Amino acid sequence: LSFCCIVEPEPGSGETTLADARKILADMPADVRQKFEEKGIYYVRKYKGPNDPPTPWWDPFEMKRWNEVFATEDKAKVEAISREDGVDVTWTEKGLTLDNVTPAIQSHPETGEKLWYNHSQVFHPRMPVEEYKRIYARTGRFRFLVLYFLSLFLTLLRRVIFGHHKNMSLTCCYGDKTEISRSDYRKIVDAVWKNKVYYDWKLGDITLIDNYKV
């Protein structure tokens with residue numbers, strides 16, 4: 001993948017972070033790595049339909065509508081695209097549910113190197129809480145402290161409303177559908193953050209990345 005800076009951001013904004021998937025895997029605690037190697041990872045995404053009511057205020061993490069994601073209102077096309085990607089489709093009165101199990105650790109197609117290759121950091125329900133906590137610790141900016149407490153409140157509220165995490169609009173767990181504990185999730189986020197690199201964009205900058213490794 002390639003990225004470039006056409007409009008330079010204001011000072012203190014526009015920072016991009018990248019992380020090496022090989023180093024993340026190397027720093028992943030053995031107990032967490034073993035669980036993902038043996039079980040894989042299970043993703044669940046729930047989408048409302050084109051005529052459903054708007055997103056409630058207490059769930060800012062709700063997904064887009066399925067017709068927006070697939071750029072069609074033809075359910076047959078949605079099913080065909082999903083099948084091609086190895087994703088199971090379930091239509092319910094509440095909309096569309098997509099779920100699939102996939103390996104969490106994969107080998108690079110050219111080098112054969114083992115890579116941390118999954119979205120557990122992003123799909124887990126506690127993602128905003130753990131991210132904002134670390135962003136505030138790194139930057140010291142008050143607004144990230146506010147966002148941390150707000151995301152903590154909303155995460156707890158969603159847990160009360162939805163009950164089990166698999167009822168949420170976006171989530172993940174181990175491939176056997178057991179929950180990724182808070183302890184395990186923190187270890188994942190710690191390994192990712194340990195290997196992040198940060199840089200501020202300047203006009204004309206170009207970044208090239210190997211999308212398997214980074």
# chains A, B, ... in the order shown; residues from 1 in each chain; ligands from 1
call {"tool": "closest_atom_pairs", "arguments": {"of": "stretch 15-67 of chain A", "to": "stretch 167-172 of chain A", "cutoff": "8 Å", "atoms": "only C-alpha atoms", "output": "CSV"}}
result
residue,atom,partner,partner_atom,distance
A:Ile41,CA,A:Cys172,CA,7.0
A:Tyr42,CA,A:Cys172,CA,5.4
A:Tyr43,CA,A:Cys172,CA,4.5
A:Val44,CA,A:Thr171,CA,5.4
A:Arg45,CA,A:Leu170,CA,4.7
A:Lys46,CA,A:Ser169,CA,4.5
A:Tyr47,CA,A:Ser169,CA,6.9
A:Phe61,CA,A:Ser169,CA,7.7
A:Glu62,CA,A:Ser169,CA,5.7
A:Met63,CA,A:Ser169,CA,6.3
call {"tool": "write_last_selection", "arguments": {"atoms": "N, CA, C and O atoms", "output": "short mmCIF file (atom, residue, chain, number, x, y, z; two decimals), in the first residue's frame"}}
result
data_model
loop_
_atom_site.label_atom_id
_atom_site.label_comp_id
_atom_site.auth_asym_id
_atom_site.auth_seq_id
_atom_site.Cartn_x
_atom_site.Cartn_y
_atom_site.Cartn_z
N ILE A 41 -9.60 -16.92 15.28
CA ILE A 41 -10.38 -15.79 15.77
C ILE A 41 -11.74 -15.77 15.08
O ILE A 41 -11.86 -16.10 13.90
N TYR A 42 -12.75 -15.41 15.85
CA TYR A 42 -14.13 -15.38 15.36
C TYR A 42 -14.60 -13.93 15.35
O TYR A 42 -14.55 -13.23 16.36
N TYR A 43 -15.06 -13.46 14.17
CA TYR A 43 -15.55 -12.09 14.01
C TYR A 43 -17.07 -12.08 13.85
O TYR A 43 -17.64 -12.94 13.18
N VAL A 44 -17.70 -11.07 14.44
CA VAL A 44 -19.14 -10.86 14.26
C VAL A 44 -19.37 -9.39 13.93
O VAL A 44 -18.87 -8.50 14.62
N ARG A 45 -20.14 -9.15 12.85
CA ARG A 45 -20.52 -7.79 12.47
C ARG A 45 -22.02 -7.77 12.21
O ARG A 45 -22.53 -8.60 11.46
N LYS A 46 -22.72 -6.82 12.80
CA LYS A 46 -24.17 -6.70 12.63
C LYS A 46 -24.49 -5.34 12.00
O LYS A 46 -24.02 -4.30 12.47
N TYR A 47 -25.30 -5.38 10.96
CA TYR A 47 -25.64 -4.17 10.23
C TYR A 47 -27.15 -3.99 10.16
O TYR A 47 -27.89 -4.95 9.88
N PHE A 61 -20.60 3.18 18.36
CA PHE A 61 -19.75 2.21 17.68
C PHE A 61 -20.54 1.34 16.71
O PHE A 61 -20.01 0.39 16.15
N GLU A 62 -21.83 1.64 16.54
CA GLU A 62 -22.66 0.83 15.65
C GLU A 62 -22.13 0.90 14.21
O GLU A 62 -21.63 1.93 13.76
N MET A 63 -22.28 -0.21 13.49
CA MET A 63 -21.77 -0.30 12.12
C MET A 63 -22.65 0.49 11.15
O MET A 63 -23.78 0.88 11.47
#
call {"tool": "residues_around", "arguments": {"residues": "A:Val87", "least_positions_apart": "5", "cutoff": "7 Å", "atoms": "only C-alpha atoms", "output": "PDB file with N, CA, C and O atoms, in the first residue's frame"}}
result
ATOM      1  N   SER A  82     -20.168 -12.120   0.168  1.00  0.00           N
ATOM      2  CA  SER A  82     -19.775 -12.677   1.470  1.00  0.00           C
ATOM      3  C   SER A  82     -19.273 -14.108   1.326  1.00  0.00           C
ATOM      4  O   SER A  82     -18.267 -14.491   1.934  1.00  0.00           O
ATOM      5  N   LEU A  98     -22.940 -10.849   9.835  1.00  0.00           N
ATOM      6  CA  LEU A  98     -21.842 -11.532   9.161  1.00  0.00           C
ATOM      7  C   LEU A  98     -20.921 -12.105  10.227  1.00  0.00           C
ATOM      8  O   LEU A  98     -20.564 -11.416  11.176  1.00  0.00           O
ATOM      9  N   ASP A  99     -20.536 -13.355  10.079  1.00  0.00           N
ATOM     10  CA  ASP A  99     -19.595 -13.928  11.026  1.00  0.00           C
ATOM     11  C   ASP A  99     -18.707 -14.951  10.333  1.00  0.00           C
ATOM     12  O   ASP A  99     -19.108 -15.564   9.343  1.00  0.00           O
ATOM     13  N   ASN A 100     -17.501 -15.094  10.838  1.00  0.00           N
ATOM     14  CA  ASN A 100     -16.559 -16.056  10.264  1.00  0.00           C
ATOM     15  C   ASN A 100     -15.421 -16.333  11.230  1.00  0.00           C
ATOM     16  O   ASN A 100     -15.112 -15.520  12.103  1.00  0.00           O
TER      17      ASN A 100
END
call {"tool": "closest_residue", "arguments": {"among": "A:Asp31, A:Ile206, A:Glu110, A:Tyr198", "to": "A:Arg138", "atoms": "only C-alpha atoms"}}
result
A:Tyr198
call {"tool": "select_by_dssp", "arguments": {"residues": "chain A", "states": "strand (DSSP E or B)", "output": "VMD selection string"}}
result
chain A and resid 2 to 4 15 to 19 41 to 47 88 to 92 95 to 102 105 to 107 114 to 116 170 to 174 196 to 200 206 to 208
call {"tool": "write_last_selection", "arguments": {"atoms": "C-alpha atoms", "output": "tab-separated table (two decimals), in the first residue's frame"}}
result
chain	number	residue	atom	x	y	z
A	2	SER	CA	1.09	3.58	-0.59
A	3	PHE	CA	0.10	6.79	1.17
A	4	CYS	CA	1.02	10.39	0.44
A	15	GLU	CA	-0.12	11.74	13.16
A	16	THR	CA	-0.04	8.22	11.68
A	17	THR	CA	0.93	5.08	13.58
A	18	LEU	CA	2.22	1.82	12.10
A	19	ALA	CA	3.31	-1.46	13.68
A	41	ILE	CA	-10.38	-15.79	15.77
A	42	TYR	CA	-14.13	-15.38	15.36
A	43	TYR	CA	-15.55	-12.09	14.01
A	44	VAL	CA	-19.14	-10.86	14.26
A	45	ARG	CA	-20.52	-7.79	12.47
A	46	LYS	CA	-24.17	-6.70	12.63
A	47	TYR	CA	-25.64	-4.17	10.23
A	88	ASP	CA	-21.42	-16.57	6.74
A	89	VAL	CA	-24.57	-14.50	6.18
A	90	THR	CA	-27.63	-14.43	8.43
A	91	TRP	CA	-30.66	-12.22	7.74
A	92	THR	CA	-32.71	-11.32	10.80
A	95	GLY	CA	-30.79	-6.64	9.68
A	96	LEU	CA	-27.69	-8.52	8.56
A	97	THR	CA	-25.20	-10.52	10.61
A	98	LEU	CA	-21.84	-11.53	9.16
A	99	ASP	CA	-19.60	-13.93	11.03
A	100	ASN	CA	-16.56	-16.06	10.26
A	101	VAL	CA	-13.64	-17.90	11.83
A	102	THR	CA	-10.18	-17.33	10.42
A	105	ILE	CA	-1.59	-15.98	12.92
A	106	GLN	CA	-0.59	-16.41	9.30
A	107	SER	CA	2.54	-16.80	7.19
A	114	LYS	CA	4.87	-15.81	10.92
A	115	LEU	CA	2.71	-12.70	11.41
A	116	TRP	CA	0.15	-11.42	13.90
A	170	LEU	CA	-19.04	-5.39	16.27
A	171	THR	CA	-17.05	-7.90	18.28
A	172	CYS	CA	-14.58	-10.75	18.18
A	173	CYS	CA	-13.61	-13.71	20.33
A	174	TYR	CA	-11.52	-16.84	20.09
A	196	LYS	CA	4.09	1.25	17.18
A	197	VAL	CA	6.06	3.91	15.34
A	198	TYR	CA	4.74	7.46	15.02
A	199	TYR	CA	5.36	10.18	12.51
A	200	ASP	CA	3.88	13.53	11.53
A	206	ILE	CA	5.18	9.23	0.71
A	207	THR	CA	4.87	6.02	2.74
A	208	LEU	CA	5.02	2.52	1.27
call {"tool": "closest_residue", "arguments": {"among": "A:Pro125, A:Tyr185, A:Val78, A:Asp176", "to": "A:Phe162", "atoms": "only C-alpha atoms"}}
result
A:Pro125
call {"tool": "closest_residue", "arguments": {"among": "A:Glu131, A:Glu10, A:Asp205, A:Asp52", "to": "A:Glu93", "atoms": "only C-alpha atoms"}}
result
A:Asp52
call {"tool": "select_by_dssp", "arguments": {"residues": "stretch 15-202 of chain A", "states": "helix (DSSP H, G or I)", "output": "count of residues only"}}
result
86
call {"tool": "residues_around", "arguments": {"residues": "A:Ala104", "least_positions_apart": "6", "cutoff": "9 Å", "atoms": "only C-alpha atoms", "output": "ChimeraX atom specification"}}
result
/A:36-37,39-41,115-120,175
call {"tool": "write_last_selection", "arguments": {"atoms": "N, CA and C atoms", "output": "PDB file, in the first residue's frame"}}
result
ATOM      1  N   PHE A  36      -4.588 -18.263  20.336  1.00  0.00           N
ATOM      2  CA  PHE A  36      -4.936 -17.829  18.981  1.00  0.00           C
ATOM      3  C   PHE A  36      -4.443 -18.824  17.931  1.00  0.00           C
ATOM      4  N   GLU A  37      -3.295 -19.424  18.149  1.00  0.00           N
ATOM      5  CA  GLU A  37      -2.784 -20.408  17.201  1.00  0.00           C
ATOM      6  C   GLU A  37      -3.695 -21.635  17.141  1.00  0.00           C
ATOM      7  N   LYS A  39      -6.981 -21.834  18.288  1.00  0.00           N
ATOM      8  CA  LYS A  39      -8.410 -21.586  18.103  1.00  0.00           C
ATOM      9  C   LYS A  39      -8.741 -20.689  16.917  1.00  0.00           C
ATOM     10  N   GLY A  40      -7.806 -19.838  16.507  1.00  0.00           N
ATOM     11  CA  GLY A  40      -8.125 -18.836  15.507  1.00  0.00           C
ATOM     12  C   GLY A  40      -8.926 -17.705  16.130  1.00  0.00           C
ATOM     13  N   ILE A  41      -9.599 -16.919  15.284  1.00  0.00           N
ATOM     14  CA  ILE A  41     -10.382 -15.789  15.775  1.00  0.00           C
ATOM     15  C   ILE A  41     -11.736 -15.766  15.085  1.00  0.00           C
ATOM     16  N   LEU A 115       3.187 -14.060  11.176  1.00  0.00           N
ATOM     17  CA  LEU A 115       2.708 -12.701  11.407  1.00  0.00           C
ATOM     18  C   LEU A 115       1.482 -12.704  12.313  1.00  0.00           C
ATOM     19  N   TRP A 116       1.373 -11.677  13.156  1.00  0.00           N
ATOM     20  CA  TRP A 116       0.152 -11.424  13.903  1.00  0.00           C
ATOM     21  C   TRP A 116      -0.821 -10.812  12.910  1.00  0.00           C
ATOM     22  N   TYR A 117      -1.817 -11.575  12.471  1.00  0.00           N
ATOM     23  CA  TYR A 117      -2.616 -11.176  11.318  1.00  0.00           C
ATOM     24  C   TYR A 117      -4.101 -11.273  11.660  1.00  0.00           C
ATOM     25  N   ASN A 118      -4.592 -10.321  12.444  1.00  0.00           N
ATOM     26  CA  ASN A 118      -6.003 -10.314  12.816  1.00  0.00           C
ATOM     27  C   ASN A 118      -6.399  -8.925  13.315  1.00  0.00           C
ATOM     28  N   HIS A 119      -7.707  -8.766  13.555  1.00  0.00           N
ATOM     29  CA  HIS A 119      -8.239  -7.467  13.978  1.00  0.00           C
ATOM     30  C   HIS A 119      -8.738  -7.487  15.422  1.00  0.00           C
ATOM     31  N   SER A 120      -8.164  -8.333  16.252  1.00  0.00           N
ATOM     32  CA  SER A 120      -8.638  -8.432  17.631  1.00  0.00           C
ATOM     33  C   SER A 120      -8.523  -7.103  18.368  1.00  0.00           C
ATOM     34  N   GLY A 175     -11.652 -18.408  18.264  1.00  0.00           N
ATOM     35  CA  GLY A 175     -12.325 -19.155  17.218  1.00  0.00           C
ATOM     36  C   GLY A 175     -13.315 -20.185  17.705  1.00  0.00           C
TER      37      GLY A 175
END
call {"tool": "closest_residue", "arguments": {"among": "A:Phe70, A:Tyr212, A:Phe153, A:Phe142", "to": "A:Gly112", "atoms": "only C-alpha atoms"}}
result
A:Tyr212
call {"tool": "closest_residue", "arguments": {"among": "A:Ile161, A:Val214, A:Ile81, A:Val189", "to": "A:Met127", "atoms": "only C-alpha atoms"}}
result
A:Val189
